[in-house]
Structures are given as structure tokens and as C-alpha cells.
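*Asks:* The structure file start_8.txt (compact mmCIF, C-alpha atoms) is provided below.
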# COMPACT_ATOMS: atom_id res chain seq x y z
CA MET A 237 29.37 -37.49 58.09
CA LEU A 238 26.84 -37.46 60.90
CA LYS A 239 23.19 -37.20 60.08
CA ALA A 240 21.58 -33.96 61.31
CA LYS A 241 19.50 -34.50 64.42
CA GLN A 242 15.75 -34.05 64.14
CA TYR A 243 14.55 -31.51 66.73
CA ASP A 244 11.26 -30.88 68.46
CA TRP A 245 11.20 -27.37 69.95
CA LYS A 246 9.67 -28.78 73.14
CA ASP A 247 12.88 -30.67 73.90
CA SER A 248 15.40 -29.01 71.61
CA ASN A 249 17.50 -27.65 74.49
CA LEU A 250 18.56 -30.99 75.99
CA ALA A 251 22.21 -30.15 75.30
CA LEU A 252 22.25 -26.66 76.82
CA PHE A 253 24.74 -27.90 79.36
CA GLY A 254 27.40 -30.51 78.67
CA SER A 255 30.82 -31.71 79.68
CA ASP A 256 33.99 -29.61 79.68
CA THR A 257 35.07 -31.40 76.50
CA GLU A 258 31.82 -30.48 74.76
CA LYS A 259 32.27 -26.86 75.83
CA LYS A 260 35.77 -26.75 74.35
CA VAL A 261 34.52 -28.16 71.05
CA LYS A 262 31.64 -25.68 70.98
CA LYS A 263 34.01 -22.83 71.82
CA GLN A 264 36.20 -23.65 68.83
CA SER A 265 33.13 -23.90 66.60
CA ALA A 266 31.74 -20.63 67.93
CA GLU A 267 34.97 -18.78 67.18
CA THR A 268 34.62 -19.69 63.49
CA GLU A 269 31.02 -18.40 63.21
CA PRO A 270 31.28 -15.06 61.34
CA ALA A 271 27.89 -13.90 62.59
CA TRP A 272 29.19 -13.60 66.15
CA GLU A 273 31.76 -10.98 65.12
CA VAL A 274 29.26 -8.18 65.77
CA SER A 275 29.00 -9.32 69.40
CA ARG A 276 32.73 -9.00 70.09
CA PRO A 277 33.01 -5.32 71.14
CA ASP A 278 32.26 -4.53 74.77
CA GLU A 279 29.31 -2.37 73.80
CA ILE A 280 25.87 -2.36 75.33
CA GLY A 281 22.77 -2.72 73.22
CA LEU A 282 20.79 -5.17 71.12
CA VAL A 283 21.93 -7.51 68.33
CA ILE A 284 19.53 -9.78 66.45
CA TRP A 285 20.13 -12.65 64.03
CA ARG A 286 17.67 -14.66 61.91
CA ILE A 287 18.05 -18.33 61.01
CA VAL A 288 17.96 -18.86 57.24
CA LYS A 289 18.60 -22.36 55.86
CA PHE A 290 20.68 -23.48 58.87
CA LYS A 291 22.75 -20.28 58.79
CA VAL A 292 22.82 -17.30 61.12
CA GLU A 293 22.21 -14.00 59.33
CA ASN A 294 22.55 -10.55 60.86
CA LEU A 295 19.26 -8.67 60.94
CA ASN A 296 19.18 -5.06 59.78
CA PRO A 297 18.72 -2.83 62.86
CA GLU A 298 15.84 -1.04 61.13
CA ASP A 299 13.94 -4.34 61.31
CA TYR A 300 14.48 -4.85 65.06
CA GLY A 301 11.15 -5.58 66.71
CA GLN A 302 9.69 -7.05 63.52
CA PHE A 303 9.40 -10.84 63.51
CA TYR A 304 8.00 -13.27 60.93
CA ASN A 305 5.94 -16.17 62.24
CA GLY A 306 7.70 -18.58 59.87
CA ASP A 307 11.19 -17.85 61.23
CA SER A 308 13.36 -18.33 64.30
CA TYR A 309 15.66 -15.65 65.71
CA ILE A 310 18.49 -15.17 68.20
CA ILE A 311 18.51 -11.98 70.26
CA LEU A 312 21.44 -10.76 72.37
CA ASN A 313 21.06 -7.87 74.80
CA LYS A 314 24.08 -6.36 76.59
CA TYR A 315 23.69 -3.84 79.38
CA LYS A 316 25.73 -2.41 82.25
CA ASN A 317 25.22 -3.38 85.85
CA GLU A 318 23.69 -0.40 87.65
CA ASP A 319 26.17 -0.79 90.52
CA SER A 320 29.31 -1.31 88.43
CA ASP A 321 30.74 -1.17 84.93
CA GLU A 322 30.30 -4.91 84.46
CA ILE A 323 28.52 -5.80 81.21
CA LEU A 324 25.64 -8.22 81.74
CA MET A 325 23.96 -10.22 78.98
CA ASP A 326 20.74 -12.00 78.08
CA VAL A 327 20.45 -14.22 75.00
CA HIS A 328 17.06 -15.37 73.73
CA PHE A 329 15.98 -17.65 70.92
CA TRP A 330 12.54 -16.81 69.56
CA ILE A 331 10.42 -19.46 67.82
CA GLY A 332 7.81 -18.35 65.30
CA LYS A 333 4.52 -20.27 65.26
CA TYR A 334 5.27 -21.70 61.81
CA SER A 335 9.04 -21.93 62.12
CA THR A 336 10.30 -25.27 60.80
CA GLN A 337 11.87 -27.95 62.97
CA ASP A 338 15.22 -27.30 61.29
CA GLU A 339 15.03 -23.57 61.97
CA TYR A 340 14.19 -23.69 65.66
CA GLY A 341 16.59 -26.58 66.18
CA THR A 342 19.35 -24.48 64.61
CA ALA A 343 18.34 -21.46 66.71
CA ALA A 344 18.50 -23.53 69.91
CA TYR A 345 21.93 -24.95 69.04
CA LYS A 346 23.34 -21.63 67.88
CA THR A 347 22.08 -19.91 71.04
CA VAL A 348 24.20 -22.34 73.06
CA GLU A 349 27.11 -21.67 70.72
CA LEU A 350 26.78 -17.90 71.20
CA ASP A 351 26.62 -18.43 74.95
CA THR A 352 29.84 -20.45 74.74
CA PHE A 353 31.46 -17.78 72.56
CA LEU A 354 30.65 -15.23 75.28
CA ASP A 355 32.20 -17.48 77.96
CA ASP A 356 28.87 -18.59 79.42
CA LYS A 357 28.12 -15.08 80.69
CA PRO A 358 24.61 -14.60 79.22
CA VAL A 359 21.42 -15.78 80.88
CA GLN A 360 19.60 -17.93 78.30
CA HIS A 361 15.91 -17.74 77.44
CA ARG A 362 13.48 -19.59 75.20
CA GLU A 363 10.67 -17.48 73.74
CA VAL A 364 7.64 -18.75 71.82
CA GLN A 365 5.49 -16.51 69.62
CA ALA A 366 2.55 -14.93 71.48
CA HIS A 367 3.98 -16.11 74.82
CA GLU A 368 7.03 -13.84 75.07
CA SER A 369 8.42 -12.80 78.43
CA SER A 370 8.05 -9.22 79.64
CA LEU A 371 11.85 -8.90 79.51
CA PHE A 372 11.87 -9.80 75.82
CA LYS A 373 9.07 -7.36 75.01
CA SER A 374 10.82 -4.57 76.89
CA TYR A 375 13.56 -4.44 74.23
CA PHE A 376 11.25 -3.04 71.58
CA GLU A 377 9.29 0.18 71.39
CA ASN A 378 7.13 -1.55 68.79
CA MET A 379 6.97 -5.34 68.47
CA THR A 380 5.26 -6.59 65.32
CA ILE A 381 4.55 -10.18 64.27
CA LEU A 382 4.13 -10.64 60.51
CA LYS A 383 3.13 -13.61 58.40
CA GLY A 384 5.75 -15.27 56.22
CA GLY A 385 9.45 -15.91 56.59
CA ALA A 386 12.76 -16.59 54.90
CA ASP A 387 11.61 -19.85 53.28
CA THR A 388 8.65 -18.14 51.63
CA GLY A 389 10.95 -15.71 49.88
CA PHE A 390 9.25 -12.85 51.70
CA ARG A 391 11.24 -9.66 51.83
CA ARG A 392 10.79 -6.19 53.24
CA VAL A 393 7.56 -4.65 51.94
CA LEU A 394 8.06 -1.87 49.43
CA PRO A 395 6.07 1.28 50.27
CA GLU A 396 4.47 1.37 46.81
CA CYS A 397 3.24 -2.22 46.92
CA PRO A 398 2.10 -3.22 50.44
CA PRO A 399 -0.07 -6.31 50.97
CA LYS A 400 -3.51 -6.10 52.59
CA ARG A 401 -3.17 -6.94 56.27
CA LEU A 402 -5.13 -6.89 59.51
CA PHE A 403 -3.29 -6.19 62.77
CA LEU A 404 -4.39 -6.71 66.37
CA VAL A 405 -3.00 -4.21 68.89
CA LYS A 406 -3.26 -5.77 72.33
CA GLY A 407 -1.73 -5.32 75.79
CA LYS A 408 -2.11 -3.74 79.20
CA THR A 409 1.00 -1.51 79.31
CA MET A 410 3.16 0.20 76.69
CA LYS A 411 5.93 -2.37 77.24
CA ASN A 412 3.77 -5.47 76.69
CA THR A 413 1.48 -4.14 73.97
CA THR A 414 2.25 -5.80 70.63
CA VAL A 415 1.09 -5.40 67.05
CA THR A 416 0.34 -8.83 65.58
CA GLU A 417 -0.82 -9.69 62.07
CA ILE A 418 -3.99 -11.83 62.23
CA SER A 419 -6.35 -13.42 59.72
CA LYS A 420 -8.60 -10.98 57.87
CA LYS A 421 -11.82 -12.38 59.38
CA LYS A 422 -14.84 -10.53 60.74
CA GLY A 423 -15.01 -12.66 63.88
CA ASN A 424 -11.56 -11.44 64.97
CA ILE A 425 -12.86 -7.91 65.58
CA ASN A 426 -14.02 -7.14 69.13
CA ASP A 427 -14.78 -4.14 71.33
CA GLU A 428 -11.90 -4.74 73.78
CA ASP A 429 -8.87 -4.16 71.52
CA CYS A 430 -7.54 -1.96 68.73
CA PHE A 431 -7.30 -3.05 65.10
CA ILE A 432 -5.44 -1.71 62.06
CA LEU A 433 -6.55 -2.70 58.58
CA ASP A 434 -3.86 -1.86 56.05
CA LEU A 435 -5.35 -1.74 52.55
CA GLY A 436 -2.29 -0.13 51.00
CA ASN A 437 -3.71 3.17 49.81
CA GLU A 438 -5.89 3.40 52.92
CA ILE A 439 -5.27 2.55 56.58
CA ILE A 440 -8.34 2.02 58.77
CA VAL A 441 -8.03 2.12 62.57
CA TYR A 442 -10.80 0.83 64.83
CA SER A 443 -10.51 1.23 68.60
CA GLY A 444 -13.10 -0.79 70.49
CA PRO A 445 -15.09 1.14 73.13
CA SER A 446 -13.45 -0.91 75.90
CA CYS A 447 -9.89 -0.92 74.57
CA ASP A 448 -6.95 0.19 76.71
CA LYS A 449 -5.43 3.67 76.29
CA ASP A 450 -1.99 2.12 75.74
CA GLU A 451 -3.40 0.06 72.88
CA LYS A 452 -4.73 3.24 71.28
CA PHE A 453 -1.36 4.95 71.68
CA LYS A 454 0.54 1.97 70.26
CA ALA A 455 -1.85 1.82 67.29
CA THR A 456 -1.23 5.51 66.61
CA GLN A 457 2.54 4.97 66.75
CA TYR A 458 2.38 2.06 64.34
CA VAL A 459 0.13 3.86 61.85
CA ASN A 460 2.38 6.94 61.90
CA GLN A 461 5.33 4.70 61.04
CA LEU A 462 3.40 3.08 58.18
CA LYS A 463 2.49 6.49 56.75
CA SER A 464 6.06 7.68 57.10
CA ASP A 465 7.38 4.62 55.25
CA ARG A 466 5.03 5.45 52.39
CA ALA A 467 5.81 9.15 52.34
CA GLY A 468 2.27 9.96 53.48
CA LYS A 469 0.65 8.36 50.43
CA SER A 470 -1.73 6.18 52.47
CA LYS A 471 -5.03 7.77 53.55
CA LEU A 472 -5.91 7.36 57.23
CA THR A 473 -9.48 6.56 58.28
CA ILE A 474 -10.52 6.45 61.94
CA ALA A 475 -13.47 4.05 62.24
CA ASP A 476 -16.06 4.84 64.91
CA ARG A 477 -18.04 1.67 64.11
CA ALA A 478 -16.89 -1.92 63.77
CA ASP A 479 -18.70 -2.36 60.44
CA MET A 480 -16.39 0.24 58.86
CA ILE A 481 -13.61 -2.34 59.15
CA THR A 482 -15.53 -5.65 59.00
CA LYS A 483 -16.98 -4.82 55.57
CA HIS A 484 -13.50 -5.42 54.18
CA LEU A 485 -13.10 -8.78 55.94
CA ALA A 486 -14.12 -12.37 55.27
CA ASP A 487 -16.48 -14.40 57.47
CA GLY A 488 -15.13 -16.55 60.31
CA GLN A 489 -12.89 -16.08 63.34
CA SER A 490 -9.83 -17.50 65.07
CA LYS A 491 -9.87 -19.78 68.11
CA SER A 492 -9.29 -18.33 71.55
CA LYS A 493 -7.28 -19.91 74.40
CA ASN A 494 -7.90 -20.22 78.12
CA GLY A 495 -5.48 -18.79 80.71
CA MET A 496 -3.92 -20.73 83.56
CA GLU A 497 -4.75 -20.46 87.23
CA PRO A 498 -2.02 -18.89 89.44
CA LEU A 499 0.58 -21.42 90.56
CA GLU A 500 4.03 -21.51 92.16
CA LYS A 501 6.07 -24.70 92.43
CA LEU A 502 9.70 -25.66 92.99
CA PHE A 503 11.29 -28.90 91.76
CA ILE A 504 14.75 -30.32 92.43
CA LEU A 505 16.88 -32.31 89.99
CA SER A 506 19.56 -34.30 91.80
CA ASP A 507 21.73 -37.33 91.11
CA GLU A 508 22.90 -37.79 94.68
CA GLY A 509 23.37 -41.50 95.28
CA GLY A 510 24.07 -42.20 91.60
CA ASN A 511 20.50 -42.00 90.28
CA SER A 512 18.89 -38.90 88.82
CA THR A 513 15.66 -37.87 90.52
CA PHE A 514 13.28 -35.04 89.72
CA LYS A 515 10.76 -34.28 92.42
CA GLU A 516 8.51 -31.53 93.66
CA LEU A 517 9.73 -29.68 96.75
CA VAL A 518 7.12 -26.95 97.26
CA ASP A 519 3.64 -26.21 95.92
CA GLY A 520 1.96 -23.00 97.03
CA ILE A 521 1.76 -19.29 96.25
CA GLY A 522 4.50 -17.48 98.19
CA ALA A 523 6.02 -20.70 99.53
CA VAL A 524 9.19 -20.68 97.39
CA THR A 525 12.18 -18.97 99.05
CA LYS A 526 15.88 -18.61 98.17
CA ALA A 527 16.78 -20.74 101.19
CA LEU A 528 15.38 -23.81 99.38
CA PHE A 529 18.09 -23.59 96.67
CA ASN A 530 21.56 -25.12 97.12
CA SER A 531 24.77 -25.18 95.06
CA GLN A 532 24.86 -28.98 94.65
CA ASP A 533 21.71 -29.38 92.56
CA VAL A 534 19.51 -27.93 89.82
CA PHE A 535 16.12 -26.40 90.60
CA VAL A 536 13.12 -25.69 88.37
CA TYR A 537 10.85 -22.88 89.54
CA GLU A 538 7.46 -22.87 87.81
CA THR A 539 4.71 -20.25 87.74
CA GLU A 540 1.71 -19.81 85.45
CA LYS A 541 3.73 -17.24 83.48
CA MET A 542 7.21 -18.75 83.16
CA VAL A 543 9.73 -21.44 84.13
CA LEU A 544 13.14 -20.71 85.64
CA VAL A 545 15.94 -23.31 85.58
CA TRP A 546 18.51 -22.49 88.31
CA VAL A 547 21.84 -24.33 88.03
CA GLY A 548 23.93 -24.65 91.19
CA LYS A 549 27.68 -24.01 90.93
CA GLU A 550 28.48 -27.55 92.08
CA ALA A 551 25.77 -29.35 90.08
CA SER A 552 27.02 -32.41 88.23
CA VAL A 553 27.46 -32.61 84.47
CA ASP A 554 24.39 -34.86 84.16
CA GLU A 555 22.28 -32.52 86.23
CA ARG A 556 23.28 -29.54 84.06
CA ARG A 557 22.83 -31.49 80.82
CA ASN A 558 19.37 -32.80 81.69
CA SER A 559 17.91 -29.74 83.41
CA MET A 560 16.30 -28.11 80.37
CA GLY A 561 14.87 -31.44 79.27
CA TYR A 562 13.11 -31.83 82.61
CA ALA A 563 11.78 -28.27 82.40
CA HIS A 564 10.42 -28.90 78.90
CA ASN A 565 8.81 -32.17 79.92
CA LEU A 566 7.29 -30.52 82.99
CA ILE A 567 5.23 -28.05 80.97
CA SER A 568 4.86 -29.89 77.64
CA LYS A 569 1.47 -31.34 78.63
CA SER A 570 0.28 -28.41 80.73
CA GLU A 571 -2.43 -25.89 79.81
CA ASP A 572 0.28 -23.55 78.50
CA PRO A 573 3.35 -25.42 77.18
CA PHE A 574 4.60 -22.26 75.44
CA ARG A 575 5.63 -20.35 78.57
CA PRO A 576 9.06 -18.68 78.47
CA ILE A 577 11.90 -20.76 79.93
CA THR A 578 14.99 -19.08 81.41
CA VAL A 579 18.25 -20.86 82.30
CA MET A 580 20.54 -19.15 84.80
CA SER A 581 23.63 -20.18 86.73
CA GLU A 582 24.01 -19.59 90.44
CA GLY A 583 25.37 -16.09 91.03
CA ALA A 584 23.96 -14.60 87.83
CA THR A 585 21.64 -11.62 88.06
CA ASN A 586 18.02 -12.44 87.33
CA GLY A 587 15.00 -10.38 88.29
CA ILE A 588 12.76 -13.40 88.85
CA PHE A 589 15.13 -15.15 91.25
CA ASP A 590 16.27 -11.92 92.91
CA GLN A 591 12.68 -11.08 93.87
CA LEU A 592 12.12 -14.35 95.74
CA PRO A 593 11.98 -13.97 99.53
CA GLU A 594 14.96 -15.07 101.58
So, in terms of C-alpha cells, how does the structure I just supplied come out?

*Replies:*
Amino acid sequence: MLKAKQYDWKDSNLALFGSDTEKKVKKQSAETEPAWEVSRPDEIGLVIWRIVKFKVENLNPEDYGQFYNGDSYIILNKYKNEDSDEILMDVHFWIGKYSTQDEYGTAAYKTVELDTFLDDKPVQHREVQAHESSLFKSYFENMTILKGGADTGFRRVLPECPPKRLFLVKGKTMKNTTVTEISKKKGNINDEDCFILDLGNEIIVYSGPSCDKDEKFKATQYVNQLKSDRAGKSKLTIADRADMITKHLADGQSKSKNGMEPLEKLFILSDEGGNSTFKELVDGIGAVTKALFNSQDVFVYETEKMVLVWVGKEASVDERRNSMGYAHNLISKSEDPFRPITVMSEGATNGIFDQLPE
């Protein structure tokens, strides 16, 4: 019996692409995974699974958009091509901040397995908590990050016994505004965002004077859902002063992070001549064009927001196998190593690549 491989999420996708033999083995394995049965019908829509003790468990649709920071998830989205009846697919694996090595390693492997099960049709994505792509966020009317996870024994909160929680409502548009559970500390309250303090029998909402209108609207949506879940038993208080919410909180605050400067780079991974090389082709805003890509190699397109791995149709097995590893290594020591990573094959539809100039 082979010993289970120890994974680090920063390089857990090294085997995203392998030989034809590996694909056949994975295909047979994928066909025996009962969790994939729900993805068989040619129906559009969203399906989500959660990793629990190395196993893939179907998530109840009523919990879609709700993620625990101690877990890892697999998300499949099927949709129809606007110009035809062809069904297109995106598959994401989402890594919670406190997800264990075993969980995100399993999620990464099982994402590849699902991709194989679906005949390599999906575009694959890696998502890290608090750094999700706009595509990922667009799936959910409300996206909520909660503390806990499968290993903690945490289960759906009963309306009559909710825990005390503080939520940050933050974003610039309705599609990228999220509701995230944060530490109940006074220093986390500011005048730029919206906050929801759930005390169980009372819900307090504080909207900072400089907060965005979409944040206010999202906060209202979330509170209405909370009240509905509890049959209206929770009292709602709208706070017009920060001290109305901070009096319930402990001292202290969380650390903030710095953003990255705008960047746009293109790298090529090639084994022409028998040796693999990974080198920078272009560095400059607006300098990357589709003409720089070719079918014989793999290309890594990097911006301050995301990384795209583009796999040419005629790329070698080694180039395909090592491409994600190079992408991970590229950003692992950068200012933001948590940026979303997308893997796409030449010819697949992808908004990021499609928007590049010719």
C-alpha cells in the first residue's frame, strides 16, 4: 500500500496534467466515485461538494454560497454557450484559510479526477479564501465565510441556538461583495464598511459613514435571511454610532494587508531541445497579445489579480505536467501568493484570454 502524499497547497497541483496512461487510470477511478453521479446529466447549473476526511460529500443546495474557513470545497458550474447549445464548464477547488493539508490536497486531486470524469472539458481554477476570482463570486447572490469546519464537528446553526458572531460586509459591486465572519474585536470596526453583529436574540447593523451602497444592500439581504431563518424572533437594531456595536466587542484588531502594484507579464514553459526552460517573454501593461501564444508550448500569464496557465494543443507531456508547478512557484514568494490560478487548454473559452488583444 502506498503512503499518502503530503501536500502543500502552494504546489498541490503538480499533477494536473499527466500522461495518457495516467489519464486512463484516473478516468477509471473517477467513474467509481459516487459523488460525481450528480454531475452526469447534461444540465446547466451549480454543484458543490465538500471534502470531509478524504471523502467527497455533496453539499445541500440550501448551503450554496456558505463556506467554512476550516474546509475545502469543489465547485462545478455548467452553462450553455451563448452562440450554441454546447455546455461549457468551470471547476474550482476552494481552500479555506484553516483547511488542513489533507483536505486541500484531496480537493486538488479530486478536482483533477472530476475534470477527467468530464472528459477534460472544464476549465480548472484554484481559489483561496479572501482572494476569490470575480468569476467564482459571481455564482452566489450571497457569499458567506464562517468559522469552523467538518473536523470541528460544526453543523448547520439551529435558529433557536445561534452563536454570537461578527460579520464584515465588504465589496465594490453586488457581485464581489461578501459577508465574512471576523474576530469580535473593537479594532475591526471602521467607517468604510458595513458590519453585522449577531447576538442571537438581537442583530445589530452598523454602516460606516463612508461605506458603499452595495455593502448596505448586501447587509440588508443577509440580515433579512437571518431573521427569516429564525422566524422573526431576532430583534433588529440599526446602529447610527460605532460604539453601539463596539460595546459588545473585545479589545484588539486584526492585521491588514497591502495590495500589489499593477503588473502584466507573460512567461513561456518549453522543453524544446530536450531541456525544460521557464522564462519571461513580456513585462509591461498592455504588452501581452494573443499572437505571443503558440500551440507547441505552455504559457503563464500573470497580473496583480490572477494567474492564467494556457496549455497549447501540441505541448509535451512534461510541459503539461509541470505547468501548474511553475505557476505556483512564480507567485509563492510574491506580495500576494493567494491569487486565483486558472488552467485552460488551447481552444477553450476563457474571458481573461479572450479579452487579450490580437

*Asks:* List the spatial neighbours of Tyr458 (chain A) as a compact mmCIF listing (two decimals) with C-alpha atoms, in the coordinates of the input - criterion: any atom at most 9 Å away, only C-alpha atoms, same-chain residues fewer than 6 positions off excluded.

*Replies:*
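This went into selection_6.txt:
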# COMPACT_ATOMS: atom_id res chain seq x y z
CA ASN A 378 7.13 -1.55 68.79
CA VAL A 415 1.09 -5.40 67.05
CA ILE A 432 -5.44 -1.71 62.06

*Asks:* Find the residue from A:Gly385, A:Gly587, A:Gly407, A:Gly510 that sits nearest to Val359 (chain A); use all atoms listed in the file when measuring.

*Replies:*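 Selected residue with least distance to Val359 (chain A): A:Gly587.
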
*Asks:* Choose the residue, out of A:Thr578, A:Thr268, A:Gln365, A:Thr525, that has the smallest atom-to-atom separation from Met379 (chain A); count only C-alpha atoms.

*Replies:*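 When distances to Met379 (chain A) are compared using only C-alpha atoms, the smallest one comes from A:Gln365.
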
*Asks:* Of the residues A:Phe535, A:Thr456, A:Glu594, A:Thr416, which is the one nearest to Ala523 (chain A), using all atoms listed in the file?

*Replies:*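 Closest to Ala523 (chain A), using all atoms listed in the file: A:Glu594.
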
*Asks:* Restricting the calculation to only C-alpha atoms: of A:Ile577, A:Val553, A:Leu505, A:Leu566, which residue gets closest to Phe329 (chain A)?

*Replies:*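 Of the candidates, the smallest distance to Phe329 (chain A) is held by A:Ile577.
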
*Asks:* Report the distance between CA of Leu382 (chain A) and CA of Met542 (chain A) in Å, rounded to one decimal place.

*Replies:* 24.3 Å

*Asks:* Using only C-alpha atoms, can you tell me which of A:Ala527, A:Met410, A:Ile331, A:Val348 comes closest to His367 (chain A)?

*Replies:*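 Smallest separation from His367 (chain A) among the options: A:Ile331.
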
*Asks:* One number please: CA of His328 (chain A) to CA of Gln360 (chain A), in Å, one decimal.

*Replies:* 5.8 Å

*Asks:* Using all atoms listed in the file, can you tell me which of A:Thr513, A:Asn437, A:Ser552, A:Asn313 comes closest to Gly468 (chain A)?

*Replies:* A:Asn437

*Asks:* As a VMD selection string, please: the residues near Thr413 (chain A) (cut-off 12 Å, only C-alpha atoms, same-chain neighbours under 3 positions excluded).

*Replies:* chain A and resid 366 368 to 370 372 to 374 376 to 381 404 to 410 416 429 to 430 447 to 455 457 to 458

*Asks:* Draw an axis-aligned box tight on the listed atoms of region 450-468 of chain A, then pad every side by 4 Å and write out centre and edge lengths in Å to one decimal as AutoDock Vina command-line options.

*Replies:*
--center_x 1.3 --center_y 5.0 --center_z 64.0 --size_x 20.1 --size_y 17.9 --size_z 31.4

*Asks:* Between CA of Arg556 (chain A) and CA of Phe514 (chain A), what is the distance, to one decimal in Å?

*Replies:*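 It comes out at 12.7 Å.
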
*Asks:* Within 6 Å of region 297-308 of chain A, which residues of region 326-355 of chain A show up? Give each one with its shortest atom-to-atom distance in Å (one decimal) and the two atoms involved, counting all atoms listed in the file, rows by chain then rising residue number, as JSON lines.

*Replies:*
{"residue": "A:Trp330", "atom": "CA", "partner": "A:Ser308", "partner_atom": "CA", "distance": 5.5}
{"residue": "A:Ile331", "atom": "CA", "partner": "A:Ser308", "partner_atom": "CA", "distance": 4.7}
{"residue": "A:Gly332", "atom": "CA", "partner": "A:Asn305", "partner_atom": "CA", "distance": 4.2}
{"residue": "A:Lys333", "atom": "CA", "partner": "A:Asn305", "partner_atom": "CA", "distance": 5.3}
{"residue": "A:Tyr334", "atom": "CA", "partner": "A:Gly306", "partner_atom": "CA", "distance": 4.4}
{"residue": "A:Ser335", "atom": "CA", "partner": "A:Gly306", "partner_atom": "CA", "distance": 4.3}
{"residue": "A:Glu339", "atom": "CA", "partner": "A:Ser308", "partner_atom": "CA", "distance": 6.0}
{"residue": "A:Tyr340", "atom": "CA", "partner": "A:Ser308", "partner_atom": "CA", "distance": 5.6}

*Asks:* Emit the selected residues as a JSON list (two decimals), keeping the file's coordinate frame, including C-alpha atoms.

*Replies:*
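result.json was written with the following content:
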[["chain", "number", "residue", "atom", "x", "y", "z"],
["A", 330, "TRP", "CA", 12.54, -16.81, 69.56],
["A", 331, "ILE", "CA", 10.42, -19.46, 67.82],
["A", 332, "GLY", "CA", 7.81, -18.35, 65.30],
["A", 333, "LYS", "CA", 4.52, -20.27, 65.26],
["A", 334, "TYR", "CA", 5.27, -21.70, 61.81],
["A", 335, "SER", "CA", 9.04, -21.93, 62.12],
["A", 339, "GLU", "CA", 15.03, -23.57, 61.97],
["A", 340, "TYR", "CA", 14.19, -23.69, 65.66]]

*Asks:* How would you write as a list in words the residues that get within 8 Å of (32.5, -8.9, 80.1) in the file's frame, counting all atoms listed in the file?

*Replies:*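 Taken together, the residues in range are Asp278, Glu322, Ile323, Leu324 and Lys357 of chain A.
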
*Asks:* Can you tell me, as a ChimeraX atom specification, what residues are no more than 8 Å from Glu540 (chain A) when counting only C-alpha atoms, ignoring any on the same chain fewer than 4 positions away?

*Replies:* /A:496-500,575

*Asks:* Would you mind listing what lies within 12 Å of Asn530 (chain A) as a list in words, with all atoms listed in the file counted and same-chain residues fewer than 4 positions away left out?

*Replies:*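 Non-adjacent residues within range: Ile504, Leu505, Ser506, Thr525, Lys526, Val534, Phe535, Trp546, Val547, Gly548, Lys549, Glu550, Ala551, Ser581, Glu582 and Gly583 of chain A.
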